[in-house]
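Containing PDB, C-alpha atoms: entry.pdb.
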MODEL        1
ATOM      1  CA  MET A   1     -21.359  21.002   3.416
ATOM      2  CA  ALA A   2     -23.994  22.571   1.203
ATOM      3  CA  THR A   3     -23.347  22.826  -2.505
ATOM      4  CA  ALA A   4     -25.316  24.327  -5.316
ATOM      5  CA  GLU A   5     -25.565  23.627  -9.010
ATOM      6  CA  PRO A   6     -24.695  26.535 -11.315
ATOM      7  CA  GLU A   7     -27.877  28.117 -12.707
ATOM      8  CA  SER A   8     -26.440  29.076 -16.051
ATOM      9  CA  ILE A   9     -23.209  29.679 -17.887
ATOM     10  CA  SER A  10     -23.595  33.430 -17.465
ATOM     11  CA  ASN A  11     -23.709  32.987 -13.680
ATOM     12  CA  ALA A  12     -20.348  31.225 -13.816
ATOM     13  CA  SER A  13     -18.668  34.504 -14.682
ATOM     14  CA  ASN A  14     -20.171  36.338 -11.688
ATOM     15  CA  SER A  15     -18.146  36.653  -8.518
ATOM     16  CA  GLU A  16     -19.034  34.405  -5.603
ATOM     17  CA  GLU A  17     -20.128  37.446  -3.640
ATOM     18  CA  GLU A  18     -22.686  38.328  -6.339
ATOM     19  CA  LYS A  19     -23.977  34.753  -6.383
ATOM     20  CA  SER A  20     -24.493  34.857  -2.640
ATOM     21  CA  GLU A  21     -26.507  38.067  -2.867
ATOM     22  CA  THR A  22     -28.741  36.928  -5.744
ATOM     23  CA  THR A  23     -29.340  33.236  -4.983
ATOM     24  CA  GLY A  24     -28.135  32.801  -1.447
ATOM     25  CA  GLN A  25     -25.940  29.938  -2.642
ATOM     26  CA  VAL A  26     -22.298  29.733  -3.644
ATOM     27  CA  VAL A  27     -20.987  27.481  -6.376
ATOM     28  CA  VAL A  28     -17.838  25.797  -5.093
ATOM     29  CA  ASN A  29     -15.033  24.866  -7.442
ATOM     30  CA  PRO A  30     -14.101  21.200  -6.688
ATOM     31  CA  GLU A  31     -10.414  22.138  -6.723
ATOM     32  CA  ASP A  32     -11.055  24.420  -3.731
ATOM     33  CA  TYR A  33     -12.272  21.648  -1.424
ATOM     34  CA  ILE A  34     -10.004  18.748  -2.346
ATOM     35  CA  LYS A  35      -7.948  18.495   0.822
ATOM     36  CA  HIS A  36      -4.964  16.679  -0.610
ATOM     37  CA  PRO A  37      -4.437  14.271  -3.441
ATOM     38  CA  LEU A  38      -3.166  10.820  -2.525
ATOM     39  CA  GLN A  39       0.564  10.372  -2.825
ATOM     40  CA  ASN A  40       0.093   6.649  -3.420
ATOM     41  CA  ARG A  41      -1.761   4.987  -6.304
ATOM     42  CA  LEU A  42      -5.388   4.016  -5.834
ATOM     43  CA  TYR A  43      -6.963   0.705  -6.868
ATOM     44  CA  ASN A  44     -10.368   0.540  -8.425
ATOM     45  CA  HIS A  45     -12.059  -2.560  -9.842
ATOM     46  CA  ILE A  46      -8.904  -4.587  -9.262
ATOM     47  CA  GLN A  47      -8.757  -8.182 -10.390
ATOM     48  CA  LEU A  48      -8.575 -10.475  -7.351
ATOM     49  CA  SER A  49      -5.124 -11.926  -6.836
ATOM     50  CA  SER A  50      -6.518 -15.443  -6.436
ATOM     51  CA  ASN A  51      -7.625 -15.260 -10.086
ATOM     52  CA  LEU A  52      -4.052 -14.826 -11.324
ATOM     53  CA  ILE A  53      -2.230 -17.828 -12.751
ATOM     54  CA  SER A  54       0.847 -19.227 -11.079
ATOM     55  CA  GLY A  55       3.963 -17.182 -11.774
ATOM     56  CA  CYS A  56       2.124 -13.833 -11.870
ATOM     57  CA  ASP A  57       2.686 -10.919  -9.509
ATOM     58  CA  TYR A  58       0.751  -7.811  -8.549
ATOM     59  CA  SER A  59       2.578  -4.806  -7.184
ATOM     60  CA  LEU A  60       1.547  -1.375  -5.961
ATOM     61  CA  PHE A  61       4.324   1.143  -5.346
ATOM     62  CA  LYS A  62       4.470   4.847  -4.626
ATOM     63  CA  ASP A  63       4.885   7.150  -7.569
ATOM     64  CA  GLY A  64       8.443   7.061  -8.888
ATOM     65  CA  ILE A  65       9.433   3.813  -7.130
ATOM     66  CA  GLU A  66       9.936   0.700  -9.250
ATOM     67  CA  PRO A  67       9.148  -2.745  -7.746
ATOM     68  CA  MET A  68      12.783  -3.853  -7.943
ATOM     69  CA  TRP A  69      15.635  -4.082  -5.454
ATOM     70  CA  GLU A  70      17.840  -1.835  -7.569
ATOM     71  CA  ASP A  71      15.499   1.172  -7.328
ATOM     72  CA  GLU A  72      17.151   3.951  -5.326
ATOM     73  CA  ARG A  73      14.375   3.972  -2.675
ATOM     74  CA  ASN A  74      14.554   0.167  -2.276
ATOM     75  CA  LYS A  75      18.336  -0.430  -2.281
ATOM     76  CA  ARG A  76      18.768  -0.110   1.480
ATOM     77  CA  GLY A  77      15.348  -1.488   2.244
ATOM     78  CA  GLY A  78      13.679  -4.804   2.730
ATOM     79  CA  ARG A  79      10.307  -6.461   3.029
ATOM     80  CA  TRP A  80       7.890  -7.883   5.533
ATOM     81  CA  LEU A  81       6.956 -11.250   4.104
ATOM     82  CA  ILE A  82       3.998 -13.546   4.672
ATOM     83  CA  THR A  83       4.042 -16.925   2.946
ATOM     84  CA  LEU A  84       0.678 -18.604   2.492
ATOM     85  CA  SER A  85       0.030 -22.298   1.998
ATOM     86  CA  LYS A  86      -1.873 -23.457  -1.086
ATOM     87  CA  GLN A  87      -4.965 -23.907   1.087
ATOM     88  CA  GLN A  88      -4.813 -20.280   2.236
ATOM     89  CA  ARG A  89      -5.246 -18.955  -1.312
ATOM     90  CA  ARG A  90      -8.973 -19.557  -1.134
ATOM     91  CA  ALA A  91      -9.368 -18.541   2.529
ATOM     92  CA  ASP A  92      -7.005 -15.604   3.027
ATOM     93  CA  LEU A  93      -5.150 -14.380  -0.075
ATOM     94  CA  ASP A  94      -7.646 -11.885  -1.497
ATOM     95  CA  ARG A  95      -8.599 -10.508   1.911
ATOM     96  CA  PHE A  96      -4.927 -10.085   2.882
ATOM     97  CA  TRP A  97      -4.012  -8.432  -0.433
ATOM     98  CA  LEU A  98      -6.936  -6.004  -0.454
ATOM     99  CA  GLU A  99      -6.316  -5.080   3.188
ATOM    100  CA  THR A 100      -2.636  -4.521   2.358
ATOM    101  CA  LEU A 101      -3.623  -2.167  -0.457
ATOM    102  CA  LEU A 102      -5.903  -0.267   1.894
ATOM    103  CA  CYS A 103      -3.025   0.056   4.366
ATOM    104  CA  LEU A 104      -0.871   1.625   1.655
ATOM    105  CA  VAL A 105      -3.525   3.907   0.192
ATOM    106  CA  GLY A 106      -4.740   4.955   3.640
ATOM    107  CA  GLU A 107      -1.198   5.442   4.968
ATOM    108  CA  ALA A 108      -2.075   3.225   7.927
ATOM    109  CA  PHE A 109       1.397   3.181   9.461
ATOM    110  CA  ASP A 110       1.173   6.614  11.088
ATOM    111  CA  ASP A 111       4.431   8.578  11.057
ATOM    112  CA  HIS A 112       6.190   5.619   9.445
ATOM    113  CA  SER A 113       4.036   5.501   6.292
ATOM    114  CA  ASP A 114       6.767   7.434   4.462
ATOM    115  CA  ASP A 115       9.063   4.431   5.021
ATOM    116  CA  VAL A 116       6.758   2.178   2.980
ATOM    117  CA  CYS A 117       7.680   1.881  -0.709
ATOM    118  CA  GLY A 118       4.964  -0.500  -1.863
ATOM    119  CA  ALA A 119       3.570  -4.014  -1.733
ATOM    120  CA  VAL A 120       3.775  -7.170  -3.824
ATOM    121  CA  VAL A 121       1.747 -10.360  -4.065
ATOM    122  CA  ASN A 122       3.392 -13.350  -5.781
ATOM    123  CA  ILE A 123       1.194 -16.203  -6.986
ATOM    124  CA  ARG A 124       3.168 -19.445  -6.926
ATOM    125  CA  THR A 125       2.329 -23.148  -7.193
ATOM    126  CA  LYS A 126       3.967 -24.069  -3.869
ATOM    127  CA  GLY A 127       2.440 -21.142  -1.961
ATOM    128  CA  ASP A 128       1.689 -17.463  -2.428
ATOM    129  CA  LYS A 129       3.622 -14.585  -0.878
ATOM    130  CA  LEU A 130       2.598 -11.139   0.282
ATOM    131  CA  ALA A 131       5.146  -8.459   1.092
ATOM    132  CA  ILE A 132       5.343  -4.834   2.131
ATOM    133  CA  TRP A 133       8.559  -3.190   0.948
ATOM    134  CA  THR A 134      10.256  -0.507   3.008
ATOM    135  CA  THR A 135      13.002   1.974   2.299
ATOM    136  CA  ASP A 136      15.591   1.517   5.090
ATOM    137  CA  TYR A 137      16.248  -1.724   6.962
ATOM    138  CA  ASP A 138      18.351   0.130   9.569
ATOM    139  CA  ASN A 139      15.319   2.075  10.812
ATOM    140  CA  LYS A 140      14.280  -0.549  13.361
ATOM    141  CA  GLU A 141      11.567   1.622  14.939
ATOM    142  CA  ALA A 142       9.810   2.198  11.604
ATOM    143  CA  ILE A 143      10.266  -1.387  10.425
ATOM    144  CA  THR A 144       8.831  -2.976  13.573
ATOM    145  CA  HIS A 145       5.952  -0.476  13.711
ATOM    146  CA  ILE A 146       5.024  -1.288  10.112
ATOM    147  CA  GLY A 147       5.281  -5.054  10.701
ATOM    148  CA  ARG A 148       3.174  -5.007  13.857
ATOM    149  CA  GLY A 149       0.577  -2.738  12.257
ATOM    150  CA  TRP A 150       0.339  -4.860   9.120
ATOM    151  CA  LYS A 151       0.031  -8.097  11.077
ATOM    152  CA  GLU A 152      -2.718  -6.577  13.222
ATOM    153  CA  ARG A 153      -4.643  -5.198  10.222
ATOM    154  CA  LEU A 154      -4.542  -8.594   8.508
ATOM    155  CA  GLY A 155      -5.754 -10.315  11.661
ATOM    156  CA  VAL A 156      -2.835 -12.746  11.676
ATOM    157  CA  ALA A 157      -2.810 -14.813  14.880
ATOM    158  CA  PRO A 158      -0.262 -13.517  17.417
ATOM    159  CA  LYS A 159       1.419 -16.935  17.623
ATOM    160  CA  LEU A 160       2.161 -16.877  13.864
ATOM    161  CA  LEU A 161       5.378 -15.001  13.194
ATOM    162  CA  ILE A 162       6.131 -12.919  10.127
ATOM    163  CA  GLY A 163       9.665 -11.986   9.180
ATOM    164  CA  TYR A 164      11.469  -8.991   7.735
ATOM    165  CA  GLN A 165      14.299  -9.529   5.245
ATOM    166  CA  SER A 166      16.662  -6.966   3.787
ATOM    167  CA  HIS A 167      16.820  -6.861  -0.003
ATOM    168  CA  ALA A 168      20.622  -7.079   0.211
ATOM    169  CA  ASP A 169      20.391 -10.382   2.113
ATOM    170  CA  THR A 170      17.747 -11.731  -0.283
ATOM    171  CA  ALA A 171      19.822 -10.779  -3.331
ATOM    172  CA  THR A 172      22.926 -12.585  -2.008
ATOM    173  CA  LYS A 173      21.271 -15.643  -0.429
ATOM    174  CA  SER A 174      22.914 -18.953  -1.126
ATOM    175  CA  GLY A 175      20.039 -21.257  -0.176
ATOM    176  CA  SER A 176      16.295 -21.191  -0.588
ATOM    177  CA  THR A 177      15.689 -19.056   2.487
ATOM    178  CA  THR A 178      16.846 -15.678   3.723
ATOM    179  CA  LYS A 179      17.553 -14.939   7.380
ATOM    180  CA  ASN A 180      15.019 -12.641   9.009
ATOM    181  CA  LYS A 181      16.347  -9.359  10.440
ATOM    182  CA  PHE A 182      13.183  -8.820  12.493
ATOM    183  CA  VAL A 183      10.197 -10.955  13.476
ATOM    184  CA  VAL A 184       6.790  -9.891  14.828
TER
ENDMDL
END
Structure encoded using structure tokens:
Amino acid sequence: MATAEPESISNASNSEEEKSETTGQVVVNPEDYIKHPLQNRLYNHIQLSSNLISGCDYSLFKDGIEPMWEDERNKRGGRWLITLSKQQRRADLDRFWLETLLCLVGEAFDDHSDDVCGAVVNIRTKGDKLAIWTTDYDNKEAITHIGRGWKERLGVAPKLLIGYQSHADTATKSGSTTKNKFVV
């Protein structure tokens, strides 16, 4: 696409047709060629998650969705969860988190990207956690598509299983673990 710089302020008031006749070039307003603004937030110069201290979290959620179970878009949802060992912080954490962000920003889950609410990374002493939150745990087709796609994008070995937990089950758990609704 060819673009031209405006020659002067007085030219800016001319019609595009006049510009074409006099200079052979058209000045394009940037607002005219922006295809569509991103619905999801964009990261730029983000601090690496491995640099956070234990107990800290990063989260990236769509506009209007809070990173909490009680949010209206999260109430009936759940999360795909990957738990990393302490040794994986150095080897995998940053790569997994940045790839997860790219999946969200790039809407990498095809027709099911609308079912994604956001993502969270939790930095903990015993092991870090990465999760993609979704809006409806009853939508098995969307949930499994998102889980398989995420696992593939992260390059997680096929033999390693990741689980999906509903927020309702997590909120009412009695022990230290929550039963997985789905596994990929």
TODO: Name every residue that the PyMOL selection byres ((chain A and resi 120-127) around 6) selects in this structure, writing the answer as a PyMOL selection string with chains first and numbers rising.
DONE: chain A and resi 54-59+84-86+119+128-131
Output the selection as a PDB file, keeping the file's coordinate frame - C-alpha atoms for each residue.
ATOM      1  CA  SER A  54       0.847 -19.227 -11.079  1.00  0.00           C
ATOM      2  CA  GLY A  55       3.963 -17.182 -11.774  1.00  0.00           C
ATOM      3  CA  CYS A  56       2.124 -13.833 -11.870  1.00  0.00           C
ATOM      4  CA  ASP A  57       2.686 -10.919  -9.509  1.00  0.00           C
ATOM      5  CA  TYR A  58       0.751  -7.811  -8.549  1.00  0.00           C
ATOM      6  CA  SER A  59       2.578  -4.806  -7.184  1.00  0.00           C
ATOM      7  CA  LEU A  84       0.678 -18.604   2.492  1.00  0.00           C
ATOM      8  CA  SER A  85       0.030 -22.298   1.998  1.00  0.00           C
ATOM      9  CA  LYS A  86      -1.873 -23.457  -1.086  1.00  0.00           C
ATOM     10  CA  ALA A 119       3.570  -4.014  -1.733  1.00  0.00           C
ATOM     11  CA  ASP A 128       1.689 -17.463  -2.428  1.00  0.00           C
ATOM     12  CA  LYS A 129       3.622 -14.585  -0.878  1.00  0.00           C
ATOM     13  CA  LEU A 130       2.598 -11.139   0.282  1.00  0.00           C
ATOM     14  CA  ALA A 131       5.146  -8.459   1.092  1.00  0.00           C
TER      15      ALA A 131
END
- [ ] For CA of Leu104 in chain A and CA of Lys173 in chain A, quote the distance in Å rounded to one decimal.
- [x]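 Computed distance, CA of Leu104 in chain A to CA of Lys173 in chain A, equals 28.2 Å.
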- [ ] Have a look at CA of Gln88 in chain A and CA of Ile46 in chain A and let me know their distance in Å, one decimal.
- [x]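 Interatomic distance, CA of Gln88 in chain A to CA of Ile46 in chain A: 19.9 Å.
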Task: Residues matched by the PyMOL selection byres ((chain A and resi 150) around 9) as a list in words - done: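 Selection result, ordered by chain and number: Trp80, Glu99, Thr100, Cys103, Ala108, Phe109, Ile132, His145, Ile146, Gly147, Arg148, Gly149, Lys151, Glu152, Arg153, Leu154, Gly155 and Val156 of chain A.
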Just-selected residues, C-alpha atoms written as a short mmCIF file (atom, residue, chain, number, x, y, z; two decimals), in the frame of the given file:
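Wrote it out as result05.cif, contents follow:
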data_model
loop_
_atom_site.label_atom_id
_atom_site.label_comp_id
_atom_site.auth_asym_id
_atom_site.auth_seq_id
_atom_site.Cartn_x
_atom_site.Cartn_y
_atom_site.Cartn_z
CA TRP A 80 7.89 -7.88 5.53
CA GLU A 99 -6.32 -5.08 3.19
CA THR A 100 -2.64 -4.52 2.36
CA CYS A 103 -3.02 0.06 4.37
CA ALA A 108 -2.08 3.22 7.93
CA PHE A 109 1.40 3.18 9.46
CA ILE A 132 5.34 -4.83 2.13
CA HIS A 145 5.95 -0.48 13.71
CA ILE A 146 5.02 -1.29 10.11
CA GLY A 147 5.28 -5.05 10.70
CA ARG A 148 3.17 -5.01 13.86
CA GLY A 149 0.58 -2.74 12.26
CA LYS A 151 0.03 -8.10 11.08
CA GLU A 152 -2.72 -6.58 13.22
CA ARG A 153 -4.64 -5.20 10.22
CA LEU A 154 -4.54 -8.59 8.51
CA GLY A 155 -5.75 -10.32 11.66
CA VAL A 156 -2.84 -12.75 11.68
#
Open item on the list: Restricting the calculation to all atoms listed in the file: of A:Lys159, A:Glu70, A:Leu48, A:Arg79, which residue gets closest to Lys179 in chain A?
Closed with: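 That would be A:Arg79, the residue with the smallest distance to Lys179 in chain A.
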Task: Atom pair CA of Arg90 in chain A / CA of Asn51 in chain A: separation (Å) - done: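 Interatomic distance, CA of Arg90 in chain A to CA of Asn51 in chain A: 10.0 Å.
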Open item on the list: Please determine, counting only C-alpha atoms, which residue among A:Gln87, A:Asn180, A:Ser50, A:Ser113 has the shortest atom-to-atom distance to Gln165 in chain A.
Closed with: A:Asn180
- [ ] Name the residues in contact with Thr178 in chain A at a cut-off of 10 Å, using all atoms listed in the file, excluding same-chain residues fewer than 5 positions from it; report them as a PyMOL selection string.
- [x] chain A and resi 163-167+169-173
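Closest approach to Trp69 in chain A among A:Ala142, A:Ile162, A:Thr177, A:Trp133: A:Trp133, based on all atoms listed in the file.
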Size and centre in Å, one decimal, axis-aligned box, all listed range 62-67 of chain A atoms plus 4 Å per side, as AutoDock Vina command-line options:
--center_x 7.2 --center_y 2.2 --center_z -6.9 --size_x 13.5 --size_y 17.9 --size_z 12.6
- [ ] Go through A:Arg89, A:Trp97, A:Glu107, A:Gly78 and flag the residue nearest Lys62 in chain A, using all atoms listed in the file for the distances.
- [x]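 Of A:Arg89, A:Trp97, A:Glu107, A:Gly78, the one nearest Lys62 in chain A is A:Glu107, counting all atoms listed in the file.
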Task: Pick from A:Gln47, A:Ala91, A:Arg76, A:Gly64, whichever lies nearest to Thr135 in chain A using all atoms listed in the file - done: A:Arg76
Open item on the list: Using all atoms listed in the file for the distances, tell me which of A:Leu81, A:Leu101, A:Cys117, A:Ala168 is nearest to Val184 in chain A.
Closed with: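 Residue with the minimum atom-to-atom distance to Val184 in chain A: A:Leu81.
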